[in-house]
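S.K.: What follows is structure.tsv; its format and atoms are TSV, C-alpha atoms and all ligand atoms.
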```tsv
chain	number	residue	atom	x	y	z
A	1	MET	CA	27.56	-16.19	64.50
A	2	HIS	CA	29.78	-13.12	64.23
A	3	GLY	CA	30.49	-10.29	66.65
A	4	LYS	CA	28.15	-7.33	66.56
A	5	GLU	CA	28.39	-5.45	63.32
A	6	ILE	CA	27.18	-2.35	61.49
A	7	TRP	CA	26.61	-2.89	57.79
A	8	VAL	CA	26.62	-0.34	55.01
A	9	LEU	CA	24.64	-1.51	52.04
A	10	ALA	CA	26.80	-0.18	49.21
A	11	GLU	CA	25.18	1.41	46.20
A	12	ILE	CA	27.10	0.69	43.01
A	13	ARG	CA	26.42	2.96	40.05
A	14	ASN	CA	28.02	2.21	36.70
A	15	GLY	CA	30.49	-0.06	38.46
A	16	VAL	CA	31.54	2.58	40.99
A	17	PRO	CA	30.44	2.86	44.66
A	18	SER	CA	28.30	5.96	45.18
A	19	ARG	CA	29.56	9.03	47.05
A	20	ALA	CA	26.94	8.30	49.74
A	21	THR	CA	28.45	4.84	50.28
A	22	GLY	CA	31.85	6.36	51.18
A	23	GLN	CA	30.14	8.78	53.55
A	24	LEU	CA	28.15	6.02	55.26
A	25	LEU	CA	31.28	3.95	55.73
A	26	ASN	CA	32.72	6.89	57.66
A	27	ALA	CA	29.60	6.95	59.87
A	28	ALA	CA	29.65	3.17	60.36
A	29	ARG	CA	33.34	3.22	61.29
A	30	THR	CA	32.84	6.01	63.83
A	31	LEU	CA	29.75	4.38	65.41
A	32	SER	CA	31.49	0.99	65.50
A	33	ASP	CA	34.67	2.35	67.06
A	34	GLU	CA	32.66	3.98	69.84
A	35	LYS	CA	31.10	0.66	70.86
A	36	GLY	CA	33.74	-1.88	69.90
A	37	LEU	CA	31.68	-3.15	66.95
A	38	SER	CA	32.81	-3.97	63.41
A	39	ALA	CA	31.89	-1.92	60.35
A	40	LEU	CA	31.30	-3.83	57.11
A	41	ALA	CA	30.38	-2.90	53.57
A	42	VAL	CA	27.89	-5.21	51.86
A	43	VAL	CA	27.88	-5.26	48.07
A	44	VAL	CA	24.91	-7.06	46.54
A	45	GLY	CA	25.56	-8.10	42.95
A	46	GLY	CA	27.88	-5.72	41.16
A	47	SER	CA	31.29	-6.96	40.16
A	48	LEU	CA	34.38	-8.09	42.02
A	49	GLU	CA	36.10	-4.89	40.85
A	50	SER	CA	33.35	-2.69	42.30
A	51	ALA	CA	33.49	-4.53	45.65
A	52	GLN	CA	37.30	-4.25	45.70
A	53	GLN	CA	37.04	-0.47	45.45
A	54	LEU	CA	35.65	-0.42	48.99
A	55	THR	CA	38.43	-2.37	50.72
A	56	PRO	CA	40.59	0.77	51.30
A	57	LEU	CA	37.70	2.26	53.28
A	58	VAL	CA	36.52	-0.53	55.59
A	59	ASP	CA	37.94	-3.56	57.37
A	60	LYS	CA	35.68	-6.05	55.65
A	61	VAL	CA	33.64	-6.12	52.46
A	62	LEU	CA	31.03	-8.83	51.96
A	63	TRP	CA	30.29	-9.38	48.29
A	64	ILE	CA	27.08	-11.30	47.65
A	65	ASP	CA	27.57	-12.75	44.21
A	66	ASP	CA	24.85	-14.50	42.23
A	67	PRO	CA	23.74	-14.26	38.58
A	68	GLY	CA	20.25	-13.34	39.86
A	69	LEU	CA	21.69	-10.14	41.33
A	70	ALA	CA	23.22	-8.81	38.12
A	71	THR	CA	20.39	-6.27	37.75
A	72	TYR	CA	18.70	-4.61	40.71
A	73	SER	CA	15.34	-6.00	41.72
A	74	SER	CA	13.95	-5.39	45.20
A	75	ALA	CA	12.77	-9.01	45.55
A	76	ALA	CA	16.16	-10.55	44.72
A	77	PHE	CA	18.18	-8.02	46.73
A	78	LEU	CA	15.82	-8.46	49.69
A	79	ASP	CA	16.16	-12.22	49.52
A	80	ALA	CA	19.95	-11.97	49.37
A	81	LEU	CA	20.18	-9.57	52.31
A	82	GLY	CA	17.63	-11.56	54.31
A	83	GLN	CA	19.71	-14.69	53.84
A	84	LEU	CA	22.84	-12.80	54.91
A	85	THR	CA	21.19	-11.74	58.20
A	86	GLU	CA	20.16	-15.36	58.77
A	87	SER	CA	23.58	-16.89	58.04
A	88	ARG	CA	25.67	-14.18	59.69
A	89	GLY	CA	23.35	-13.01	62.46
A	90	LYS	CA	21.48	-9.74	62.60
A	91	PRO	CA	23.72	-6.68	62.66
A	92	VAL	CA	23.08	-3.80	65.05
A	93	ALA	CA	22.31	-1.51	62.12
A	94	ILE	CA	22.13	-1.51	58.34
A	95	LEU	CA	22.69	1.87	56.63
A	96	THR	CA	22.19	2.97	53.07
A	97	GLY	CA	21.52	6.22	51.21
A	98	THR	CA	18.12	7.92	50.94
A	99	SER	CA	17.89	6.99	47.29
A	100	ALA	CA	15.13	5.40	45.22
A	101	THR	CA	16.70	2.00	45.88
A	102	GLY	CA	17.17	2.64	49.60
A	103	LEU	CA	13.61	3.84	50.01
A	104	GLU	CA	12.25	0.79	48.20
A	105	LEU	CA	14.43	-1.87	49.75
A	106	MET	CA	15.01	-0.86	53.36
A	107	PRO	CA	11.42	-0.94	54.71
A	108	ARG	CA	11.06	-4.42	53.22
A	109	LEU	CA	14.36	-5.46	54.79
A	110	ALA	CA	13.18	-4.19	58.18
A	111	ALA	CA	9.99	-6.23	57.84
A	112	ARG	CA	11.92	-9.34	56.82
A	113	THR	CA	14.46	-9.07	59.65
A	114	GLY	CA	12.09	-7.84	62.36
A	115	GLY	CA	14.09	-4.60	62.52
A	116	GLY	CA	13.10	-0.97	62.93
A	117	TYR	CA	13.04	1.30	59.87
A	118	LEU	CA	13.70	5.04	59.66
A	119	SER	CA	14.23	7.07	56.49
A	120	ALA	CA	16.09	10.28	55.67
A	121	CYS	CA	18.22	10.36	58.83
A	122	VAL	CA	20.48	13.41	59.16
A	123	ALA	CA	22.43	12.43	62.28
A	124	LEU	CA	23.25	9.21	64.12
A	125	GLN	CA	24.71	8.88	67.58
A	126	TRP	CA	24.85	6.62	70.59
A	127	GLU	CA	22.96	7.58	73.70
A	128	GLY	CA	24.02	5.00	76.23
A	129	GLU	CA	23.44	1.67	74.52
A	130	GLU	CA	20.81	3.05	72.13
A	131	LEU	CA	21.38	4.27	68.62
A	132	VAL	CA	19.53	7.56	68.16
A	133	ALA	CA	18.65	8.88	64.73
A	134	ARG	CA	17.67	12.46	63.93
A	135	ARG	CA	15.33	13.04	60.99
A	136	PRO	CA	13.04	15.74	59.60
A	137	VAL	CA	9.25	15.36	59.97
A	138	TYR	CA	6.18	17.46	59.09
A	139	GLY	CA	7.71	18.64	55.84
A	140	GLY	CA	11.01	19.52	57.51
A	141	LYS	CA	9.39	21.96	59.96
A	142	VAL	CA	10.69	20.02	62.94
A	143	TYR	CA	13.27	17.34	63.61
A	144	GLU	CA	12.62	14.28	65.73
A	145	GLU	CA	15.15	12.10	67.51
A	146	VAL	CA	14.27	8.43	67.62
A	147	ALA	CA	15.95	5.79	69.76
A	148	ILE	CA	15.92	2.46	67.95
A	149	GLU	CA	15.34	-0.32	70.44
A	150	VAL	CA	15.26	-3.29	68.08
A	151	GLU	CA	17.96	-4.87	65.94
A	152	PRO	CA	18.71	-4.29	63.25
A	153	ALA	CA	18.12	-0.56	62.93
A	154	VAL	CA	17.43	-0.31	59.20
A	155	LEU	CA	18.17	3.26	58.16
A	156	THR	CA	18.38	5.41	55.08
A	157	VAL	CA	20.63	8.43	55.54
A	158	ARG	CA	20.51	11.63	53.51
A	159	PRO	CA	23.48	11.96	51.17
A	160	GLY	CA	25.96	14.56	52.37
A	161	THR	CA	25.19	13.99	56.07
A	162	PHE	CA	28.68	12.65	56.75
A	163	LYS	CA	32.09	13.37	55.26
A	164	ALA	CA	33.63	10.72	53.03
A	165	ALA	CA	35.61	7.99	54.81
A	166	SER	CA	39.37	8.43	54.67
A	167	PRO	CA	41.44	5.43	53.56
A	168	LEU	CA	42.53	2.94	56.25
A	169	ASP	CA	46.22	2.37	57.01
A	170	SER	CA	45.92	-1.05	55.42
A	171	PRO	CA	43.08	-2.22	53.14
A	172	GLY	CA	40.34	-4.47	54.48
A	173	SER	CA	39.51	-7.99	53.34
A	174	LEU	CA	36.91	-9.11	50.84
A	175	GLU	CA	34.70	-12.15	51.41
A	176	LYS	CA	32.52	-13.61	48.70
A	177	VAL	CA	29.15	-14.84	49.95
A	178	GLY	CA	26.85	-17.22	48.09
A	179	VAL	CA	23.06	-17.26	48.36
A	180	ASN	CA	20.23	-19.49	47.13
A	181	LEU	CA	17.79	-17.06	45.63
A	182	SER	CA	14.19	-18.13	45.49
A	183	ASP	CA	12.65	-17.45	42.09
A	184	SER	CA	9.15	-17.05	43.47
A	185	SER	CA	9.02	-13.25	43.45
A	186	GLY	CA	7.10	-13.19	40.18
A	187	MET	CA	9.25	-10.27	39.01
A	188	THR	CA	11.68	-10.25	36.11
A	189	VAL	CA	13.71	-7.20	35.12
A	190	VAL	CA	13.51	-7.11	31.34
A	191	ALA	CA	15.41	-3.90	30.70
A	192	LYS	CA	17.01	-0.96	32.43
A	193	GLU	CA	16.98	2.47	30.86
A	194	SER	CA	18.59	5.67	32.12
A	195	THR	CA	16.50	8.80	31.64
A	196	SER	CA	19.03	11.18	33.14
A	197	SER	CA	20.04	13.85	30.66
A	198	SER	CA	23.45	14.35	32.27
A	199	GLY	CA	24.09	10.71	33.08
A	200	GLN	CA	25.08	11.62	36.67
A	201	ASP	CA	22.57	11.01	39.45
A	202	VAL	CA	21.79	14.40	40.96
A	203	THR	CA	22.03	12.96	44.51
A	204	GLU	CA	25.70	12.19	43.84
A	205	ALA	CA	26.63	15.71	42.75
A	206	ALA	CA	28.78	17.94	44.96
A	207	ARG	CA	27.43	21.01	43.13
A	208	ILE	CA	23.88	21.45	41.78
A	209	VAL	CA	22.44	24.24	39.67
A	210	ALA	CA	18.67	23.93	39.86
A	211	GLY	CA	16.16	25.76	37.71
A	212	GLY	CA	12.52	26.62	38.28
A	213	ARG	CA	9.72	28.22	36.32
A	214	GLY	CA	11.52	31.57	36.54
A	215	ILE	CA	14.00	30.27	33.96
A	216	GLY	CA	11.28	30.95	31.41
A	217	ASP	CA	11.11	27.91	29.19
A	218	GLU	CA	12.80	24.66	28.23
A	219	ALA	CA	15.38	26.46	26.08
A	220	GLY	CA	16.29	28.67	29.06
A	221	PHE	CA	17.71	25.58	30.75
A	222	LYS	CA	20.69	25.72	28.38
A	223	LEU	CA	22.00	28.44	30.70
A	224	VAL	CA	21.42	26.27	33.78
A	225	GLU	CA	23.21	23.38	32.05
A	226	GLU	CA	26.12	25.64	31.11
A	227	LEU	CA	26.53	26.95	34.66
A	228	ALA	CA	26.38	23.39	36.00
A	229	GLU	CA	29.06	22.36	33.52
A	230	VAL	CA	31.37	25.23	34.50
A	231	LEU	CA	31.03	24.14	38.13
A	232	ASP	CA	31.43	20.46	37.21
A	233	GLY	CA	28.02	19.87	38.74
A	234	SER	CA	24.58	18.53	37.89
A	235	VAL	CA	21.28	20.09	36.87
A	236	GLY	CA	18.33	19.97	39.25
A	237	ALA	CA	14.75	21.07	38.68
A	238	SER	CA	11.61	22.12	40.53
A	239	ARG	CA	8.45	20.11	40.10
A	240	SER	CA	6.80	22.88	38.06
A	241	VAL	CA	9.35	22.54	35.30
A	242	VAL	CA	9.22	18.75	35.42
A	243	ASP	CA	5.41	18.87	35.20
A	244	ALA	CA	5.77	21.28	32.27
A	245	GLY	CA	7.97	18.70	30.52
A	246	TRP	CA	11.04	20.96	30.41
A	247	ARG	CA	13.15	18.50	32.44
A	248	SER	CA	12.98	14.83	33.34
A	249	HIS	CA	11.65	13.62	36.68
A	250	ASP	CA	14.99	12.16	37.74
A	251	GLU	CA	16.26	15.73	38.12
A	252	GLN	CA	13.39	16.83	40.37
A	253	ILE	CA	14.40	17.96	43.85
A	254	GLY	CA	11.88	17.94	46.66
A	255	LYS	CA	9.18	16.05	48.48
A	256	SER	CA	8.04	14.10	45.45
A	257	GLY	CA	11.51	14.11	43.89
A	258	LYS	CA	15.01	13.54	45.20
A	259	THR	CA	16.72	14.64	48.40
A	260	VAL	CA	20.13	16.20	47.94
A	261	SER	CA	22.82	17.66	50.22
A	262	PRO	CA	25.51	19.04	47.93
A	263	GLU	CA	28.33	21.37	48.91
A	264	LEU	CA	26.74	24.06	46.74
A	265	TYR	CA	23.12	24.46	45.59
A	266	ILE	CA	22.27	27.34	43.25
A	267	ALA	CA	18.50	27.84	42.93
A	268	CYS	CA	17.64	29.85	39.82
A	269	GLY	CA	14.07	31.11	39.41
A	270	ILE	CA	12.74	28.76	42.09
A	271	SER	CA	10.17	30.18	44.53
A	272	GLY	CA	11.28	27.93	47.40
A	273	MET	CA	8.00	26.35	48.49
A	274	ILE	CA	8.37	23.86	51.33
A	275	HIS	CA	7.87	20.92	48.96
A	276	HIS	CA	11.02	21.98	47.13
A	277	THR	CA	13.18	23.07	50.07
A	278	LEU	CA	12.50	19.79	51.86
A	279	GLY	CA	14.68	18.14	49.26
A	280	MET	CA	17.64	20.56	49.46
A	281	ASN	CA	17.61	22.35	52.82
A	282	THR	CA	20.58	20.37	54.16
A	283	SER	CA	22.82	21.63	51.34
A	284	LYS	CA	26.02	23.14	52.72
A	285	VAL	CA	25.80	26.47	50.86
A	286	VAL	CA	22.65	27.71	49.12
A	287	VAL	CA	22.67	30.53	46.58
A	288	ALA	CA	19.32	31.84	45.34
A	289	ILE	CA	18.66	33.99	42.28
A	290	ASN	CA	15.12	35.35	42.07
A	291	THR	CA	13.45	38.53	40.84
A	292	ASP	CA	11.13	38.60	43.85
A	293	PRO	CA	12.91	39.82	47.02
A	294	ASP	CA	10.15	38.19	49.11
A	295	ALA	CA	10.52	34.74	47.50
A	296	PRO	CA	10.63	32.09	50.27
A	297	ILE	CA	13.81	30.59	48.80
A	298	PHE	CA	15.77	33.51	50.29
A	299	LYS	CA	14.86	32.25	53.79
A	300	CYS	CA	17.03	29.19	53.32
A	301	ALA	CA	19.73	30.87	51.20
A	302	ASP	CA	23.21	31.73	52.43
A	303	TYR	CA	23.64	34.13	49.51
A	304	GLY	CA	20.75	35.80	47.71
A	305	LEU	CA	20.72	37.70	44.44
A	306	VAL	CA	17.57	39.64	43.52
A	307	ALA	CA	17.95	39.54	39.77
A	308	ASP	CA	16.65	38.13	36.51
A	309	ALA	CA	18.28	34.68	36.38
A	310	THR	CA	18.46	34.72	32.60
A	311	LYS	CA	20.72	37.80	32.84
A	312	ALA	CA	22.59	36.86	36.04
A	313	ILE	CA	23.55	33.33	34.96
A	314	PRO	CA	25.55	34.39	31.85
A	315	GLU	CA	27.42	36.94	34.00
A	316	LEU	CA	28.14	34.24	36.58
A	317	ILE	CA	29.39	31.89	33.88
A	318	THR	CA	31.75	34.52	32.48
A	319	SER	CA	33.10	35.40	35.94
A	320	LEU	CA	33.52	31.75	36.97
A	321	LYS	CA	35.26	30.86	33.73
A	322	GLY	CA	37.72	33.67	34.49
A	323	VAL	CA	38.32	32.41	38.03
A	324	LEU	CA	38.30	28.67	37.37
A	325	LYS	CA	40.42	28.53	34.21
B	401	LIG	C1	2.30	16.98	47.41
B	401	LIG	C2	3.21	17.95	46.68
B	401	LIG	C3	4.49	17.54	46.38
B	401	LIG	C4	5.34	18.43	45.74
B	401	LIG	N1	6.61	18.03	45.46
B	401	LIG	C5	7.48	18.91	44.92
B	401	LIG	C6	8.83	18.56	44.67
B	401	LIG	O1	9.27	17.43	44.90
B	401	LIG	N2	9.66	19.50	44.16
B	401	LIG	C7	9.23	20.77	43.87
B	401	LIG	O2	10.04	21.58	43.40
B	401	LIG	N3	7.94	21.11	44.06
B	401	LIG	C8	7.05	20.23	44.57
B	401	LIG	N4	5.76	20.59	44.73
B	401	LIG	C9	5.33	21.87	44.16
B	401	LIG	C10	5.72	23.09	45.00
B	401	LIG	O3	4.75	23.33	46.00
B	401	LIG	C11	5.84	24.33	44.10
B	401	LIG	O4	4.64	24.51	43.41
B	401	LIG	C12	6.98	24.26	43.08
B	401	LIG	O5	8.19	23.94	43.74
B	401	LIG	C13	7.13	25.60	42.40
B	401	LIG	O6	8.09	25.52	41.38
B	401	LIG	P1	8.89	26.82	40.91
B	401	LIG	O7	9.49	27.46	42.09
B	401	LIG	O8	9.75	26.42	39.79
B	401	LIG	O9	7.72	27.71	40.27
B	401	LIG	P2	6.96	28.99	40.80
B	401	LIG	O10	6.33	28.75	42.11
B	401	LIG	O11	6.11	29.44	39.69
B	401	LIG	O12	8.11	30.06	41.08
B	401	LIG	C14	8.88	30.66	40.08
B	401	LIG	C15	9.84	31.63	40.77
B	401	LIG	O13	10.66	32.23	39.79
B	401	LIG	C16	10.80	33.61	40.07
B	401	LIG	N5	11.11	34.25	38.79
B	401	LIG	C17	10.28	34.56	37.76
B	401	LIG	N6	10.98	35.04	36.73
B	401	LIG	C18	12.27	35.05	37.12
B	401	LIG	C19	13.49	35.42	36.48
B	401	LIG	N7	13.52	35.89	35.23
B	401	LIG	N8	14.64	35.28	37.18
B	401	LIG	C20	14.66	34.80	38.46
B	401	LIG	N9	13.52	34.45	39.10
B	401	LIG	C21	12.37	34.55	38.43
B	401	LIG	C22	9.48	34.02	40.67
B	401	LIG	O14	9.64	35.19	41.49
B	401	LIG	C23	9.13	32.79	41.50
B	401	LIG	O15	9.66	32.89	42.82
B	401	LIG	C24	4.88	19.72	45.37
B	401	LIG	C25	3.58	20.10	45.67
B	401	LIG	C26	2.74	19.23	46.32
B	401	LIG	C27	1.34	19.68	46.64
```
Please express the file's structure as structure tokens.

M.R.:
Amino acid sequence: MHGKEIWVLAEIRNGVPSRATGQLLNAARTLSDEKGLSALAVVVGGSLESAQQLTPLVDKVLWIDDPGLATYSSAAFLDALGQLTESRGKPVAILTGTSATGLELMPRLAARTGGGYLSACVALQWEGEELVARRPVYGGKVYEEVAIEVEPAVLTVRPGTFKAASPLDSPGSLEKVGVNLSDSSGMTVVAKESTSSSGQDVTEAARIVAGGRGIGDEAGFKLVEELAEVLDGSVGASRSVVDAGWRSHDEQIGKSGKTVSPELYIACGISGMIHHTLGMNTSKVVVAINTDPDAPIFKCADYGLVADATKAIPELITSLKGVLK
């Protein structure tokens, strides 16, 4: 049995820990320091090299290594994490990003460990001895604060909620953990295919240029792509354009797509219906370009431009190229 801990379930993408993982390690370190707990990163599968990349950011990294964890499957990852809670003792909390993996795995992990699950948290703090999470409900119209009375608190946190962890004075240690995976899940991953046009997961991007139906057509997205490239960012999309087949679903932002919190979100030709804004309304700076001055997107924009996006974007690109060169 170990002392009380807070775990961050690391997400490894293409061999590299996600941006959200670094941010959650910052949160775990702060919450742990306040209560004399220990913050740990848990890497399931991945490689030794990917686990080692986290040692500058946290005192201890647990690397669960098994050939059955080479490719993500919820059953195998759940089994591995369940065994870790049994061998090591339940932590106070387990945090991961509000990603497709987090949303699939964490409720199951809460059920397996007898913990309490909350998704899409946007703030975490201690109130007395209780960990309190803040999260949007009713389509983001209100926020609720929930005290989690059971252990572990199994939480997904919106990317961008916390700043990235700064390196420690001296790197943490890495412990390799073995598991005996049961092969009774009935699931086998036969192949993994990336559908992302840019290759970068939009939830990881610090800058997003998102396009909606106002962009006109599929070809119009060349401008959105170009602006994203100039800003070293990613392309996002509204559901209308995904439904129209102009963009792939992995770029969709919103209730039935992804939740993002970049430093900069530029919405081009997007009306700003609640289903869309729910996925981006915690972005640090929002810029909206729309021909309709009454478009709802302007209500959540820091900077608004009433203009034809197909004319404004090329001008923006030219100006930015001048400034950023
Ligand atoms: C259960 C449910 C889940 C949903 N999930 C999502 C989701 O995850 N993500 C999502 O995005 N939507 C989602 N929707 C759909 C959502 O309600 C909206 O219908 C959708 O976001 C609208 O997309 P849009 O803004 O691209 O298109 P439109 O609503 O058609 O808006 C186009 C905008 O472009 C502007 N425009 C037109 N021409 C130009 C131009 N030349 N330059 C600049 N602006 C121009 C118009 O003024 C308008 O504001 C969901 C809906 C439901 C019911």

S.K.: Around all the atoms of ligand LIG 401 (chain B) listed in the file, draw an axis-aligned box and extend it by 6 Å on each of the six sides; I want its centre and edge lengths in Å to one decimal, as AutoDock Vina command-line options.

M.R.:
```
--center_x 8.0 --center_y 26.4 --center_z 41.3 --size_x 25.3 --size_y 30.9 --size_z 24.2
```

S.K.: Please check which protein, DNA or RNA residues sit within 8 Å of ligand LIG 401 (chain B), counting only C-alpha atoms and all ligand atoms, and write them as a ChimeraX atom specification.

M.R.: /A:211-216,237-241,252-258,268-277,279,289-293,295-297,306-311

S.K.: For stretch 139-151 of chain A, list every protein, DNA or RNA residue within 7 Å, evaluated using only C-alpha atoms, and leave out those in the same chain fewer than 3 positions away; present the list as a PDB file with C-alpha atoms, in the frame of the given file.

M.R.:
```pdb
ATOM      1  CA  LYS A  90      21.480  -9.740  62.600  1.00  0.00           C
ATOM      2  CA  PRO A  91      23.720  -6.680  62.660  1.00  0.00           C
ATOM      3  CA  VAL A  92      23.080  -3.800  65.050  1.00  0.00           C
ATOM      4  CA  ALA A  93      22.310  -1.510  62.120  1.00  0.00           C
ATOM      5  CA  GLY A 115      14.090  -4.600  62.520  1.00  0.00           C
ATOM      6  CA  GLY A 116      13.100  -0.970  62.930  1.00  0.00           C
ATOM      7  CA  GLU A 130      20.810   3.050  72.130  1.00  0.00           C
ATOM      8  CA  LEU A 131      21.380   4.270  68.620  1.00  0.00           C
ATOM      9  CA  VAL A 132      19.530   7.560  68.160  1.00  0.00           C
ATOM     10  CA  ALA A 133      18.650   8.880  64.730  1.00  0.00           C
ATOM     11  CA  ARG A 134      17.670  12.460  63.930  1.00  0.00           C
ATOM     12  CA  ARG A 135      15.330  13.040  60.990  1.00  0.00           C
ATOM     13  CA  PRO A 136      13.040  15.740  59.600  1.00  0.00           C
ATOM     14  CA  ILE A 274       8.370  23.860  51.330  1.00  0.00           C
ATOM     15  CA  LEU A 278      12.500  19.790  51.860  1.00  0.00           C
TER      16      LEU A 278
END
```

S.K.: May I ask which of the residues A:Leu62, A:Ala267, A:Leu227, A:Ala123 is the closest one to A:Thr318, counting all atoms listed in the file?

M.R.: A:Leu227

S.K.: Choose the residue, out of A:Ala164, A:Val323, A:Ala76, A:Ile266, that has the smallest atom-to-atom separation from A:Met187; count all atoms listed in the file.

M.R.: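 That would be A:Ala76, the residue with the smallest distance to A:Met187.
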